[in-house]
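What follows is the content of run-v9.pdb, which has PDB, C-alpha atoms and all ligand atoms:
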ATOM      1  CA  MET A   1     -11.175  25.350  -3.047
ATOM      2  CA  ILE A   2     -10.372  21.910  -4.477
ATOM      3  CA  ARG A   3      -9.948  20.912  -8.089
ATOM      4  CA  ASN A   4     -12.280  18.397  -9.629
ATOM      5  CA  PRO A   5     -14.645  17.828  -6.639
ATOM      6  CA  ILE A   6     -16.523  14.532  -6.553
ATOM      7  CA  PRO A   7     -20.335  14.711  -6.477
ATOM      8  CA  TRP A   8     -21.138  12.562  -3.453
ATOM      9  CA  PRO A   9     -24.245  10.356  -3.126
ATOM     10  CA  ASN A  10     -27.526  12.025  -2.125
ATOM     11  CA  GLY A  11     -26.007  15.485  -2.242
ATOM     12  CA  ALA A  12     -23.685  14.837   0.720
ATOM     13  CA  LYS A  13     -21.172  17.625   1.233
ATOM     14  CA  CYS A  14     -18.244  15.429   2.232
ATOM     15  CA  ALA A  15     -17.279  11.752   2.238
ATOM     16  CA  VAL A  16     -15.947  10.436   5.553
ATOM     17  CA  ALA A  17     -13.938   7.273   6.162
ATOM     18  CA  ILE A  18     -12.500   6.368   9.560
ATOM     19  CA  SER A  19     -10.040   3.652   8.632
ATOM     20  CA  PHE A  20      -8.046   1.470  11.016
ATOM     21  CA  ASP A  21      -4.741  -0.289  10.441
ATOM     22  CA  MET A  22      -4.820  -3.242  12.828
ATOM     23  CA  ASP A  23      -1.106  -3.927  13.112
ATOM     24  CA  ALA A  24      -1.326  -5.574  16.549
ATOM     25  CA  ASP A  25       1.997  -7.118  17.611
ATOM     26  CA  SER A  26       3.300  -7.562  14.031
ATOM     27  CA  LEU A  27       5.212  -4.297  14.570
ATOM     28  CA  ILE A  28       7.560  -5.666  17.219
ATOM     29  CA  HIS A  29       8.091  -9.009  15.439
ATOM     30  CA  ILE A  30       9.237  -7.311  12.231
ATOM     31  CA  ALA A  31      11.284  -4.661  14.084
ATOM     32  CA  ARG A  32      13.069  -7.062  16.433
ATOM     33  CA  PRO A  33      12.963 -10.458  14.671
ATOM     34  CA  ASP A  34      15.667 -12.022  16.860
ATOM     35  CA  ASP A  35      14.165 -11.507  20.305
ATOM     36  CA  SER A  36      10.608 -10.179  19.924
ATOM     37  CA  HIS A  37       9.276 -13.212  21.792
ATOM     38  CA  ARG A  38      10.938 -11.820  24.948
ATOM     39  CA  ARG A  39       9.523  -8.308  24.521
ATOM     40  CA  LEU A  40       6.329  -8.625  26.496
ATOM     41  CA  TYR A  41       5.468  -4.949  26.893
ATOM     42  CA  GLN A  42       5.432  -4.289  23.139
ATOM     43  CA  THR A  43       3.576  -7.535  22.402
ATOM     44  CA  SER A  44       0.949  -6.719  25.019
ATOM     45  CA  MET A  45       0.575  -3.172  23.649
ATOM     46  CA  GLY A  46      -0.112  -4.648  20.197
ATOM     47  CA  ARG A  47      -2.545  -7.261  21.506
ATOM     48  CA  TYR A  48      -4.634  -4.508  23.066
ATOM     49  CA  GLY A  49      -5.752  -3.681  19.496
ATOM     50  CA  PRO A  50      -7.607  -6.842  18.495
ATOM     51  CA  ASN A  51      -8.553  -7.922  22.000
ATOM     52  CA  VAL A  52      -9.738  -4.714  23.679
ATOM     53  CA  ALA A  53     -10.003  -1.854  21.179
ATOM     54  CA  LEU A  54     -11.573  -3.670  18.229
ATOM     55  CA  PRO A  55     -14.724  -4.828  20.077
ATOM     56  CA  ARG A  56     -15.161  -1.231  21.308
ATOM     57  CA  ILE A  57     -14.742   0.220  17.810
ATOM     58  CA  LEU A  58     -17.104  -2.329  16.242
ATOM     59  CA  ASP A  59     -19.676  -1.594  18.933
ATOM     60  CA  THR A  60     -19.618   2.126  18.038
ATOM     61  CA  TYR A  61     -19.907   1.441  14.320
ATOM     62  CA  ARG A  62     -22.836  -0.917  14.971
ATOM     63  CA  ARG A  63     -24.613   1.682  17.090
ATOM     64  CA  TYR A  64     -24.359   4.324  14.343
ATOM     65  CA  ASP A  65     -24.789   1.849  11.496
ATOM     66  CA  LEU A  66     -21.446   2.686   9.864
ATOM     67  CA  LYS A  67     -19.479   0.402   7.527
ATOM     68  CA  GLN A  68     -15.771   1.177   7.464
ATOM     69  CA  SER A  69     -12.394  -0.095   6.179
ATOM     70  CA  PHE A  70      -9.770  -1.991   8.163
ATOM     71  CA  PHE A  71      -6.278  -2.841   6.886
ATOM     72  CA  ILE A  72      -4.749  -5.931   8.508
ATOM     73  CA  PRO A  73      -1.408  -7.696   7.928
ATOM     74  CA  GLY A  74      -1.838 -11.334   6.817
ATOM     75  CA  TRP A  75      -0.008 -12.629   9.886
ATOM     76  CA  CYS A  76      -2.471 -10.737  12.106
ATOM     77  CA  LEU A  77      -5.415 -12.331  10.254
ATOM     78  CA  GLU A  78      -3.879 -15.708  11.086
ATOM     79  CA  GLN A  79      -3.223 -14.787  14.725
ATOM     80  CA  TYR A  80      -6.596 -13.128  15.339
ATOM     81  CA  PRO A  81      -9.068 -14.878  13.000
ATOM     82  CA  GLU A  82     -12.006 -14.219  15.328
ATOM     83  CA  THR A  83     -11.329 -10.472  15.050
ATOM     84  CA  ALA A  84     -11.353 -10.685  11.252
ATOM     85  CA  GLU A  85     -14.594 -12.651  11.434
ATOM     86  CA  ALA A  86     -16.231 -10.062  13.708
ATOM     87  CA  ILE A  87     -15.199  -7.232  11.357
ATOM     88  CA  LEU A  88     -16.583  -9.035   8.288
ATOM     89  CA  ASN A  89     -19.763 -10.155  10.056
ATOM     90  CA  ASP A  90     -20.559  -6.503  10.716
ATOM     91  CA  GLY A  91     -20.254  -5.707   7.000
ATOM     92  CA  HIS A  92     -16.911  -3.883   7.076
ATOM     93  CA  GLU A  93     -14.081  -4.210   4.599
ATOM     94  CA  ILE A  94     -10.619  -5.686   5.244
ATOM     95  CA  GLY A  95      -7.745  -4.545   3.028
ATOM     96  CA  HIS A  96      -4.206  -5.787   2.376
ATOM     97  CA  HIS A  97      -1.545  -4.362   4.723
ATOM     98  CA  GLY A  98       1.491  -6.571   4.087
ATOM     99  CA  TYR A  99       2.155  -9.894   5.759
ATOM    100  CA  LEU A 100       4.125  -9.002   8.895
ATOM    101  CA  HIS A 101       4.057  -5.235   8.351
ATOM    102  CA  GLU A 102       7.238  -5.507   6.262
ATOM    103  CA  ASP A 103       8.320  -2.284   4.619
ATOM    104  CA  PRO A 104       7.992  -2.550   0.788
ATOM    105  CA  ILE A 105      11.120  -0.401   0.390
ATOM    106  CA  THR A 106      13.409  -2.532   2.555
ATOM    107  CA  THR A 107      11.943  -5.728   1.031
ATOM    108  CA  TYR A 108      12.102  -4.357  -2.521
ATOM    109  CA  GLY A 109      12.767  -7.170  -4.999
ATOM    110  CA  SER A 110      11.088  -9.801  -2.828
ATOM    111  CA  GLN A 111       7.645  -8.232  -2.407
ATOM    112  CA  ARG A 112       5.945 -10.911  -4.501
ATOM    113  CA  GLU A 113       6.482 -13.539  -1.824
ATOM    114  CA  TRP A 114       5.227 -11.309   1.007
ATOM    115  CA  PHE A 115       2.335  -9.964  -1.072
ATOM    116  CA  GLU A 116       1.119 -13.367  -2.217
ATOM    117  CA  ARG A 117       1.440 -14.899   1.241
ATOM    118  CA  THR A 118      -0.847 -12.099   2.445
ATOM    119  CA  LEU A 119      -3.342 -12.717  -0.362
ATOM    120  CA  ASP A 120      -3.369 -16.370   0.622
ATOM    121  CA  ALA A 121      -4.224 -15.427   4.245
ATOM    122  CA  HIS A 122      -7.039 -13.197   2.973
ATOM    123  CA  LYS A 123      -8.456 -15.995   0.822
ATOM    124  CA  ARG A 124      -8.320 -18.532   3.659
ATOM    125  CA  ILE A 125      -9.570 -16.307   6.474
ATOM    126  CA  CYS A 126     -11.715 -13.650   4.797
ATOM    127  CA  GLY A 127     -12.822 -15.814   1.864
ATOM    128  CA  LYS A 128     -11.792 -13.290  -0.793
ATOM    129  CA  VAL A 129      -9.070 -11.228  -2.409
ATOM    130  CA  PRO A 130      -9.026  -7.743  -0.853
ATOM    131  CA  GLN A 131     -10.071  -4.798  -3.028
ATOM    132  CA  GLY A 132      -7.726  -2.326  -1.385
ATOM    133  CA  TYR A 133      -4.179  -1.993  -0.118
ATOM    134  CA  ARG A 134      -2.396   0.285   2.309
ATOM    135  CA  ALA A 135       1.384  -0.013   2.450
ATOM    136  CA  PRO A 136       3.005  -0.550   5.837
ATOM    137  CA  VAL A 137       4.478   2.839   6.802
ATOM    138  CA  TYR A 138       2.931   4.154   3.533
ATOM    139  CA  ASN A 139       5.998   2.910   1.628
ATOM    140  CA  ILE A 140       4.257   1.811  -1.561
ATOM    141  CA  THR A 141       6.475   1.033  -4.574
ATOM    142  CA  ASP A 142       6.028   0.281  -8.277
ATOM    143  CA  GLU A 143       6.599  -3.400  -7.407
ATOM    144  CA  VAL A 144       3.509  -3.408  -5.187
ATOM    145  CA  ILE A 145       1.393  -1.523  -7.736
ATOM    146  CA  ASP A 146       2.253  -4.178 -10.341
ATOM    147  CA  LEU A 147       1.188  -6.919  -7.897
ATOM    148  CA  MET A 148      -2.081  -5.125  -7.125
ATOM    149  CA  GLN A 149      -2.895  -4.856 -10.823
ATOM    150  CA  GLU A 150      -1.917  -8.463 -11.460
ATOM    151  CA  ASN A 151      -4.340  -9.583  -8.751
ATOM    152  CA  GLY A 152      -7.284  -7.462  -9.872
ATOM    153  CA  MET A 153      -7.258  -5.129  -6.889
ATOM    154  CA  ARG A 154      -8.989  -1.753  -7.175
ATOM    155  CA  TYR A 155      -7.432   0.868  -4.940
ATOM    156  CA  ASP A 156      -4.461   1.933  -2.898
ATOM    157  CA  SER A 157      -4.526   4.154   0.190
ATOM    158  CA  SER A 158      -0.863   5.077   0.815
ATOM    159  CA  MET A 159      -0.130   8.139  -1.329
ATOM    160  CA  MET A 160      -0.648  11.875  -0.917
ATOM    161  CA  ALA A 161      -0.881  13.621  -4.316
ATOM    162  CA  ASP A 162      -4.326  15.192  -3.835
ATOM    163  CA  ASP A 163      -6.991  16.165  -1.282
ATOM    164  CA  ILE A 164      -9.590  13.788  -2.689
ATOM    165  CA  PRO A 165      -9.580  10.353  -4.340
ATOM    166  CA  TYR A 166      -7.900  10.238  -7.750
ATOM    167  CA  ALA A 167      -6.588   7.685 -10.250
ATOM    168  CA  ILE A 168      -3.057   6.386 -10.663
ATOM    169  CA  GLU A 169      -2.084   5.187 -14.095
ATOM    170  CA  THR A 170       0.779   2.924 -15.147
ATOM    171  CA  SER A 171       1.501   1.205 -18.452
ATOM    172  CA  LYS A 172      -0.544  -1.732 -17.094
ATOM    173  CA  GLY A 173      -3.720   0.171 -16.255
ATOM    174  CA  GLN A 174      -5.405   2.282 -13.588
ATOM    175  CA  LEU A 175      -6.109   2.014  -9.879
ATOM    176  CA  TYR A 176      -7.853   4.448  -7.567
ATOM    177  CA  GLU A 177      -5.933   6.237  -4.866
ATOM    178  CA  MET A 178      -7.654   7.109  -1.553
ATOM    179  CA  PRO A 179      -5.106   9.659  -0.355
ATOM    180  CA  VAL A 180      -3.741   9.717   3.183
ATOM    181  CA  HIS A 181      -1.671  12.336   4.965
ATOM    182  CA  TRP A 182       0.078  12.781   8.292
ATOM    183  CA  GLY A 183      -2.352  15.416   9.562
ATOM    184  CA  THR A 184      -5.115  12.828   9.842
ATOM    185  CA  ASP A 185      -2.978   9.921  11.080
ATOM    186  CA  ASP A 186      -2.829   9.062  14.795
ATOM    187  CA  TRP A 187       0.852   8.048  14.698
ATOM    188  CA  PRO A 188       2.331  11.552  15.189
ATOM    189  CA  PRO A 189       0.202  12.504  18.237
ATOM    190  CA  PHE A 190       0.072   9.118  19.971
ATOM    191  CA  ALA A 191       2.886   6.738  18.964
ATOM    192  CA  HIS A 192       5.624   6.295  21.532
ATOM    193  CA  TYR A 193       7.551   3.260  20.374
ATOM    194  CA  GLU A 194      11.316   3.344  20.512
ATOM    195  CA  GLU A 195      11.900  -0.052  18.838
ATOM    196  CA  ILE A 196      10.339   1.121  15.604
ATOM    197  CA  GLY A 197      11.908   4.545  15.689
ATOM    198  CA  TYR A 198       9.004   6.700  16.839
ATOM    199  CA  MET A 199       9.320   8.612  20.070
ATOM    200  CA  MET A 200       6.578  11.188  19.680
ATOM    201  CA  PRO A 201       5.506  13.348  22.619
ATOM    202  CA  VAL A 202       2.138  11.842  23.504
ATOM    203  CA  ARG A 203      -0.530  14.523  23.221
ATOM    204  CA  PRO A 204      -3.685  14.859  25.331
ATOM    205  CA  PRO A 205      -6.653  13.311  23.465
ATOM    206  CA  ALA A 206      -8.623  16.528  22.883
ATOM    207  CA  ALA A 207      -5.563  18.476  21.714
ATOM    208  CA  ALA A 208      -4.496  15.703  19.322
ATOM    209  CA  LEU A 209      -7.935  15.210  17.857
ATOM    210  CA  ALA A 210      -8.494  18.971  17.492
ATOM    211  CA  GLY A 211      -6.035  18.817  14.590
ATOM    212  CA  PHE A 212      -8.130  16.116  12.913
ATOM    213  CA  TRP A 213     -11.325  18.128  13.300
ATOM    214  CA  GLU A 214      -9.725  21.192  11.722
ATOM    215  CA  GLU A 215      -8.830  18.996   8.766
ATOM    216  CA  PHE A 216     -12.447  17.831   8.613
ATOM    217  CA  GLU A 217     -13.829  21.393   8.677
ATOM    218  CA  ALA A 218     -11.665  22.351   5.697
ATOM    219  CA  GLN A 219     -12.681  19.255   3.727
ATOM    220  CA  TYR A 220     -16.344  19.764   4.626
ATOM    221  CA  GLU A 221     -16.283  23.374   3.492
ATOM    222  CA  ALA A 222     -14.610  22.364   0.210
ATOM    223  CA  GLY A 223     -16.959  19.424  -0.455
ATOM    224  CA  GLY A 224     -14.067  16.986  -0.147
ATOM    225  CA  PHE A 225     -12.998  13.764   1.496
ATOM    226  CA  PHE A 226     -12.066  13.229   5.137
ATOM    227  CA  LEU A 227     -10.016  10.105   5.816
ATOM    228  CA  LEU A 228      -8.692   9.220   9.258
ATOM    229  CA  ILE A 229      -5.872   6.685   9.472
ATOM    230  CA  LEU A 230      -6.037   5.230  12.975
ATOM    231  CA  HIS A 231      -4.600   2.281  14.889
ATOM    232  CA  PRO A 232      -6.716   0.343  17.388
ATOM    233  CA  PHE A 233      -3.949   0.164  20.007
ATOM    234  CA  LEU A 234      -3.520   3.952  19.837
ATOM    235  CA  THR A 235      -6.910   5.566  19.201
ATOM    236  CA  GLY A 236      -9.041   2.641  20.427
ATOM    237  CA  ARG A 237      -8.009   3.462  24.001
ATOM    238  CA  LEU A 238     -10.778   4.742  26.269
ATOM    239  CA  ALA A 239     -10.099   8.478  26.498
ATOM    240  CA  ARG A 240      -9.365   8.855  22.788
ATOM    241  CA  TRP A 241     -12.151   6.684  21.415
ATOM    242  CA  ARG A 242     -14.687   8.375  23.670
ATOM    243  CA  LEU A 243     -13.975  11.637  21.844
ATOM    244  CA  ILE A 244     -14.096  10.065  18.382
ATOM    245  CA  GLU A 245     -17.429   8.489  19.246
ATOM    246  CA  LYS A 246     -18.805  11.843  20.389
ATOM    247  CA  TRP A 247     -17.586  13.421  17.133
ATOM    248  CA  ILE A 248     -19.342  10.727  15.068
ATOM    249  CA  GLU A 249     -22.559  11.314  16.972
ATOM    250  CA  ASP A 250     -22.421  15.106  16.581
ATOM    251  CA  THR A 251     -21.406  14.914  12.925
ATOM    252  CA  LEU A 252     -24.248  12.579  12.021
ATOM    253  CA  LYS A 253     -26.691  14.931  13.726
ATOM    254  CA  THR A 254     -25.465  18.251  12.410
ATOM    255  CA  ARG A 255     -23.661  17.676   9.096
ATOM    256  CA  ASN A 256     -24.504  16.323   5.689
ATOM    257  CA  VAL A 257     -21.798  13.675   5.297
ATOM    258  CA  TRP A 258     -21.505  10.287   3.636
ATOM    259  CA  PHE A 259     -19.716   7.669   5.734
ATOM    260  CA  SER A 260     -18.385   4.867   3.539
ATOM    261  CA  THR A 261     -15.818   2.146   3.212
ATOM    262  CA  LEU A 262     -13.034   2.987   0.772
ATOM    263  CA  ALA A 263     -14.298   0.203  -1.514
ATOM    264  CA  GLY A 264     -17.697   1.943  -1.410
ATOM    265  CA  ILE A 265     -16.032   5.156  -2.564
ATOM    266  CA  ALA A 266     -14.345   3.227  -5.410
ATOM    267  CA  ASP A 267     -17.796   1.876  -6.408
ATOM    268  CA  HIS A 268     -19.162   5.410  -6.416
ATOM    269  CA  MET A 269     -16.267   6.661  -8.569
ATOM    270  CA  ASP A 270     -16.864   3.806 -11.017
ATOM    271  CA  ALA A 271     -20.546   4.726 -11.263
ATOM    272  CA  LEU A 272     -19.783   8.419 -11.868
ATOM    273  CA  ARG A 273     -17.334   7.576 -14.649
ATOM    274  CA  LYS A 274     -19.773   5.175 -16.234
ATOM    275  CA  SER A 275     -22.534   7.779 -16.277
ATOM    276  CA  GLY A 276     -20.108  10.385 -17.649
ATOM    277  CA  THR A 277     -20.794  12.890 -14.836
ATOM    278  CA  TRP A 278     -17.263  13.051 -13.445
ATOM    279  CA  SER A 279     -13.824  11.689 -14.122
ATOM    280  CA  PRO A 280     -10.889  11.519 -11.728
ATOM    281  CA  SER A 281      -7.657  13.457 -11.838
ATOM    282  CA  VAL A 282      -4.880  11.128 -12.992
ATOM    283  CA  GLU A 283      -1.338  10.730 -11.656
ATOM    284  CA  LYS A 284       0.865   8.969 -14.188
ATOM    285  CA  LEU A 285       3.471   6.590 -12.747
ATOM    286  CA  PRO A 286       6.366   6.069 -12.468
ATOM    287  CA  TYR A 287       7.303   9.602 -11.480
ATOM    288  CA  PHE A 288      10.961   8.801 -12.296
ATOM    289  CA  ASN A 289      12.783   5.864 -13.826
ATOM    290  CA  LYS A 290      15.983   6.565 -11.914
ATOM    291  CA  PRO A 291      16.861   8.782  -8.955
ATOM    292  CA  PRO A 292      17.058  12.368 -10.293
ATOM    293  CA  ALA A 293      19.858  13.238  -7.836
ATOM    294  CA  LYS A 294      22.153  10.621  -9.392
ATOM    295  CA  GLN A 295      23.330  13.051 -12.053
ATOM    296  CA  TRP A 296      24.830  15.372  -9.414
ATOM    297  CA  ILE A 297      25.778  13.048  -6.572
ATOM    298  CA  SER A 298      27.936   9.985  -6.994
TER
HETATM  299 ZN    ZN B   1       0.321  -0.464   9.769
END
As structure tokens, what does this structure read like?
Amino acid sequence: MIRNPIPWPNGAKCAVAISFDMDADSLIHIARPDDSHRRLYQTSMGRYGPNVALPRILDTYRRYDLKQSFFIPGWCLEQYPETAEAILNDGHEIGHHGYLHEDPITTYGSQREWFERTLDAHKRICGKVPQGYRAPVYNITDEVIDLMQENGMRYDSSMMADDIPYAIETSKGQLYEMPVHWGTDDWPPFAHYEEIGYMMPVRPPAAALAGFWEEFEAQYEAGGFFLLILHPFLTGRLARWRLIEKWIEDTLKTRNVWFSTLAGIADHMDALRKSGTWSPSVEKLPYFNKPPAKQWIS
């Protein structure tokens, strides 16, 4: 069903990672830089993430002894250092997610400044350089990949070229890719946010999550990789999180899965390569050196 399946630890049939992007109120400040300080509804909606949802999510992970990955903009680390501390104290991983959730496409050419400011926040607040990166709005570019390689980072989680983790290769070396896709992201079913251009019809929790669980069943059957990309202020709300928690409980009881951080999956891939038992599929970058349409459209 899938090419090049990864042998998971202890014979597990599927790797599972429930990742969170804790964007908090960075979204409104980057979308409306001139007057975001007056936009109280959007700021309060963002603050719900670190202040209300995160303690709930951490409590669930503690109860089931799960270690997971969180991606947090540098500005949010600075605004909510106690949240970062609680995440790290519980043994989870925090990855790079831009500084103020700036889009790497619209800031192309000046990513170094944003990227390094974020690394500086990670060093000060988390005490280390992050191993992983997820691009705000998934808009990763070659500029960012160069910066990741320059700073010794190990994996990205923004691209969609396969069902399971793979390698990306540039002239400067390799990184792992932990692939995302929109079918396992909570933005389409839950985001209703005019200022950042998303007015999705909000779906009832069970109906929205049913799509995720169908994705899981297919990955489980194929021996693959199930990655959720969630946001605390969306899926950390009571009715939605209650269902995720129930799914975690049922899955741990009835299925043979391996819950891991994405860095843990990168460790596992390293070990498999070292022992010669498996090697990843490779996507060579760049895909194009100039826009292919340029030859027909001026
Ligand atoms: Zn984000």
| task | Find, counting all atoms listed in the file, the residue in A:His92, A:His231, A:His181, A:Lys274 that gets nearest to Asp163 of chain A. | result | A:His181
| query | Which residue gives the smallest distance to Trp182 of chain A among A:Pro130, A:Gly211, A:Gly46, A:Gly236, with only C-alpha atoms counted? | reply | A:Gly211
| task | Identify, counting only C-alpha atoms and all ligand atoms, the protein, DNA and RNA residues located within 10 Å of ligand ZN 1 (chain B), and give them as an MDAnalysis selection string. | result | chainID A and resid 20:24 26:27 71:73 97:98 100:103 134:138 187 229:231
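Every protein or nucleic acid residue with an atom no more than 8 Å from segment 250-262 of chain A, counting all atoms listed in the file and leaving out same-chain residues fewer than 3 positions away, appears here: Trp8, Pro9, Ala12, Lys13, Cys14, Ala15, Val16, Ala17, Leu66, Lys67, Gln68, Ser69, His92, Glu93, Gly132, Met178, Lys246, Trp247, Ile265 and Ala266 of chain A.
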| field | Surrounding residues of Ile125 of chain A excluding itself and chain neighbours under 6 positions, 8 Å, only C-alpha atoms, as a PyMOL selection string | value | chain A and resi 77-78+81+84-85
If you count all atoms listed in the file, which residues fall within 10 Å of Thr60 of chain A, apart from same-chain ones fewer than 6 positions away, as a short mmCIF file (atom, residue, chain, number, x, y, z; two decimals) with C-alpha atoms, in the frame of the given file?
data_model
loop_
_atom_site.label_atom_id
_atom_site.label_comp_id
_atom_site.auth_asym_id
_atom_site.auth_seq_id
_atom_site.Cartn_x
_atom_site.Cartn_y
_atom_site.Cartn_z
CA LEU A 54 -11.57 -3.67 18.23
CA LEU A 66 -21.45 2.69 9.86
CA TRP A 241 -12.15 6.68 21.42
CA ARG A 242 -14.69 8.38 23.67
CA ILE A 244 -14.10 10.06 18.38
CA GLU A 245 -17.43 8.49 19.25
CA ILE A 248 -19.34 10.73 15.07
CA GLU A 249 -22.56 11.31 16.97
#
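Between atom CA of Thr118 of chain A and atom CA of Ala263 of chain A the interatomic distance comes to 18.7 Å.
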| task | To verify the selection step, state as a count of residues only which residues the PyMOL selection byres (((chain A and resi 3) around 9) and not hetatm) yields on this input. | result | 7
| task | Would you list the contacts of Thr170 of chain A as a list in words, taking every protein, DNA or RNA residue within 7 Å and counting only C-alpha atoms, but skipping same-chain residues closer than 2 positions in sequence? | result | Ile168, Lys172, Gly173, Gln174, Lys284, Leu285 and Pro286 of chain A
| message | So, with all atoms listed in the file as the atoms that count, which of A:Tyr220, A:Trp278, A:Trp213, A:Phe233 lies closest to Asp25 of chain A? | response | A:Phe233
| For Asp142 of chain A, which residue among A:Asp267, A:Asp186, A:Glu169, A:Glu194 is the nearest when counting all atoms listed in the file? |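 Closest residue, counting all atoms listed in the file: A:Glu169.
Closest approach to Cys76 of chain A from the set A:Ile28, A:Val52, A:Ala121, A:Leu40 is made by A:Ala121, with distances taken over only C-alpha atoms.
Minimum atom-to-atom distances from A:Leu234, A:Lys290, A:Gly264, A:Ser298 to Tyr193 of chain A were compared using all atoms listed in the file, and the lowest value belongs to A:Leu234.
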| How many Å lie between atom CA of Ile18 of chain A and atom CA of Cys126 of chain A, rounded to one decimal? | 20.6 Å
| said: Please report the interatomic distance between atom CA of Arg56 of chain A and atom CA of Ala239 of chain A in Å with one decimal. | reply: 12.1 Å
Rebuild segment 108-119 of chain A to N, CA and C atoms - output it as a compact mmCIF listing (two decimals), in the frame of the given file, please.
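The file below, rebuild_14.txt, is the result:
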# COMPACT_ATOMS: atom_id res chain seq x y z
N TYR A 108 12.24 -4.52 -1.07
CA TYR A 108 12.10 -4.36 -2.52
C TYR A 108 12.83 -5.49 -3.25
N GLY A 109 12.17 -6.05 -4.26
CA GLY A 109 12.77 -7.17 -5.00
C GLY A 109 12.20 -8.50 -4.54
N SER A 110 11.68 -8.54 -3.29
CA SER A 110 11.09 -9.80 -2.83
C SER A 110 9.65 -9.59 -2.35
N GLN A 111 9.02 -8.50 -2.84
CA GLN A 111 7.64 -8.23 -2.41
C GLN A 111 6.65 -9.30 -2.87
N ARG A 112 6.92 -9.93 -4.00
CA ARG A 112 5.94 -10.91 -4.50
C ARG A 112 5.63 -11.97 -3.44
N GLU A 113 6.68 -12.49 -2.82
CA GLU A 113 6.48 -13.54 -1.82
C GLU A 113 5.63 -13.05 -0.65
N TRP A 114 5.99 -11.87 -0.12
CA TRP A 114 5.23 -11.31 1.01
C TRP A 114 3.79 -11.01 0.58
N PHE A 115 3.65 -10.41 -0.60
CA PHE A 115 2.34 -9.96 -1.07
C PHE A 115 1.41 -11.16 -1.28
N GLU A 116 1.96 -12.20 -1.90
CA GLU A 116 1.12 -13.37 -2.22
C GLU A 116 0.80 -14.18 -0.96
N ARG A 117 1.73 -14.22 -0.03
CA ARG A 117 1.44 -14.90 1.24
C ARG A 117 0.27 -14.19 1.95
N THR A 118 0.24 -12.88 1.84
CA THR A 118 -0.85 -12.10 2.44
C THR A 118 -2.16 -12.37 1.72
N LEU A 119 -2.12 -12.42 0.39
CA LEU A 119 -3.34 -12.72 -0.36
C LEU A 119 -3.88 -14.09 0.03
